[in-house]
Amino acid sequence: MQIPPSIATSHRRLPEFCRAMLRDKRYQTLSMLVIIVNGAVLGAMTFEGALDAVGEALTLIDHVCLAFFAFEVVVGLVSFGRKPWRYFRRGWNVFDFVIVVASFLPGLRENATILRLLRVVRIFRWMASLRVILVAMGKALPKSGGVFALTGVFMYLWAMIGWIAFGSDDADHFDSVGTTLLVLLQMLTFDDLGSTIRESMALNPWTLPYFVGFILFAAFVLMNVLIGVVLASMEEAQRMDDEDGQVSADTAVLLERIDKLQETVDRLADDRERAKEFTPFR
């Protein structure tokens with residue numbers, strides 16, 4: 001039996017169409033808009049007045065957005081053709097799949113609002129500037145561990161000094177190490193700085209150099225070191241994003257060539273199968 005060419009090549013054309021659609025800028029813009037609309041609708045549904053006025057419309061929009069998300073997952077699976085498991089090699093794809101499936105499962109469907117709201121995070125995928133910031137934050141946190149540890153040790157030692165030196169004179173600010181740590185944290189954030197220093201100086205004027213020394217070292221030196229770590233992580237993340245963009249462009253060219261090569265191989269395989277069925281003496 002001879003297979004029509006249109007049917008024989010359908011398994012190749014559909015994945016190619018899905019891949020092209022997912023890479024299309026217009027589709028990416030539409031996906032981002034749906035994510036924003038879904039987040040806005042979920043936020044509007046928390047207001048009783050909005051639910052009473054347009055509750056049915058909000059629910060309908062939410063269901064339409066969820067249907068679009070499910071369609072997006074199906075398109076992503078189909079885009080890998082006969083190897084759909086490759087869809088799960090990317091963390092964002094696994095994230096999308098889990099949230100969409102959880103939105104349809106009994107028991108989880110009623111509590112999936114938070115899961116669907118997490119899809120707003122997917123906007124990082126389409127906005128390069130936000131993606132760079134997210135990557136920079138992830139890289140800055142491990143590197144900032146030393147700064148945080150040094151700040152904690154310094155604050156504890158400085159709190160011990162303050163409790164020993166001024167605990168008997170100013171019980172409101174130095175009655176224990178814990179209270180002194182809270183005051184130092186207040187100094188670190190510059191929260192009501194002037195009033196705290198004036199109240200403490202009224203009881204013991206030597207608290208002025210104590211607080212000034214802490215502010216100069218902790219609030220300026222250590223915080224500037226932390227800012228330097230964040231800036232270095234931002235530069236590294238920006239460099240990685242630029243390299244990924246170049247790699248993505250090269251990968252797109254390679255994938256296009258591989259698709260054309262696969263199409264040629266499949267066409268030759270179909271011609272071979274048809275040639276086997278052809279017998280001139282039948």
# chains A, B, ... in the order shown; residues from 1 in each chain; ligands from 1

call {"tool": "residues_around", "arguments": {"residues": "region 63-77 of chain A", "least_positions_apart": "4", "cutoff": "7 Å", "atoms": "only C-alpha atoms", "output": "PDB file with N, CA, C and O atoms, in the first residue's frame"}}
result
ATOM      1  N   CYS A  18       5.388  24.010  14.644  1.00  0.00           N
ATOM      2  CA  CYS A  18       5.329  24.356  16.064  1.00  0.00           C
ATOM      3  C   CYS A  18       6.604  25.066  16.510  1.00  0.00           C
ATOM      4  O   CYS A  18       6.550  26.042  17.265  1.00  0.00           O
ATOM      5  N   VAL A  34      -0.631  37.472  27.565  1.00  0.00           N
ATOM      6  CA  VAL A  34      -1.557  36.570  28.245  1.00  0.00           C
ATOM      7  C   VAL A  34      -1.133  36.375  29.697  1.00  0.00           C
ATOM      8  O   VAL A  34      -1.968  36.336  30.611  1.00  0.00           O
ATOM      9  N   ASN A  38      -3.475  37.405  32.755  1.00  0.00           N
ATOM     10  CA  ASN A  38      -3.863  36.403  33.740  1.00  0.00           C
ATOM     11  C   ASN A  38      -3.492  36.850  35.149  1.00  0.00           C
ATOM     12  O   ASN A  38      -4.279  36.681  36.099  1.00  0.00           O
ATOM     13  N   THR A  59     -13.798  35.136  35.537  1.00  0.00           N
ATOM     14  CA  THR A  59     -13.616  33.683  35.516  1.00  0.00           C
ATOM     15  C   THR A  59     -13.447  33.172  34.096  1.00  0.00           C
ATOM     16  O   THR A  59     -12.613  32.291  33.831  1.00  0.00           O
ATOM     17  N   PRO A  84       9.320  13.710  22.310  1.00  0.00           N
ATOM     18  CA  PRO A  84       8.735  14.781  23.142  1.00  0.00           C
ATOM     19  C   PRO A  84       9.391  14.911  24.502  1.00  0.00           C
ATOM     20  O   PRO A  84       9.236  15.948  25.154  1.00  0.00           O
ATOM     21  N   TYR A  87      11.442  17.912  25.591  1.00  0.00           N
ATOM     22  CA  TYR A  87      10.788  19.141  26.070  1.00  0.00           C
ATOM     23  C   TYR A  87      11.137  19.414  27.525  1.00  0.00           C
ATOM     24  O   TYR A  87      11.210  20.580  27.944  1.00  0.00           O
ATOM     25  N   PHE A  97       4.878  22.982  32.610  1.00  0.00           N
ATOM     26  CA  PHE A  97       4.113  21.735  32.575  1.00  0.00           C
ATOM     27  C   PHE A  97       3.500  21.424  33.940  1.00  0.00           C
ATOM     28  O   PHE A  97       2.323  21.050  34.037  1.00  0.00           O
ATOM     29  N   VAL A 100       0.553  23.885  34.712  1.00  0.00           N
ATOM     30  CA  VAL A 100      -0.635  23.647  33.884  1.00  0.00           C
ATOM     31  C   VAL A 100      -1.322  22.357  34.299  1.00  0.00           C
ATOM     32  O   VAL A 100      -2.552  22.310  34.452  1.00  0.00           O
TER      33      VAL A 100
END

call {"tool": "closest_residue", "arguments": {"among": "A:Met223, A:Met21, A:Ile164, A:Val230", "to": "Thr189 (chain A)", "atoms": "only C-alpha atoms"}}
result
A:Met223

call {"tool": "select_by_dssp", "arguments": {"residues": "region 15-225 of chain A", "states": "helix (DSSP H, G or I)", "output": "number ranges by chain"}}
result
A: 15-23, 25-44, 48-78, 84-89, 91-102, 109-111, 113-126, 128-143, 145-166, 171-174, 177-188, 193-203, 207-225

call {"tool": "closest_residue", "arguments": {"among": "A:Ala159, A:Leu231, A:Val225, A:Ile99", "to": "Tyr210 (chain A)", "atoms": "only C-alpha atoms"}}
result
A:Ala159

call {"tool": "closest_residue", "arguments": {"among": "A:Val78, A:Ala57, A:Met45, A:Val265", "to": "Leu22 (chain A)", "atoms": "only C-alpha atoms"}}
result
A:Val78

call {"tool": "residues_around", "arguments": {"residues": "Ala219 (chain A)", "least_positions_apart": "4", "cutoff": "9 Å", "atoms": "only C-alpha atoms", "output": "short mmCIF file (atom, residue, chain, number, x, y, z; two decimals) with C-alpha atoms, in the first residue's frame"}}
result
data_model
loop_
_atom_site.label_atom_id
_atom_site.label_comp_id
_atom_site.auth_asym_id
_atom_site.auth_seq_id
_atom_site.Cartn_x
_atom_site.Cartn_y
_atom_site.Cartn_z
CA MET A 187 21.58 52.11 62.84
CA LEU A 188 22.42 49.97 59.82
CA THR A 189 19.16 50.94 58.11
CA PHE A 190 19.33 54.60 59.27
CA PHE A 214 29.64 51.38 63.78
CA ILE A 215 27.95 53.42 61.06
CA MET A 223 27.49 47.81 52.43
CA ASN A 224 29.72 49.19 49.69
#

call {"tool": "residues_around", "arguments": {"residues": "Ala44 (chain A)", "least_positions_apart": "6", "cutoff": "8 Å", "atoms": "only C-alpha atoms", "output": "PyMOL selection string"}}
result
chain A and resi 50-51+58
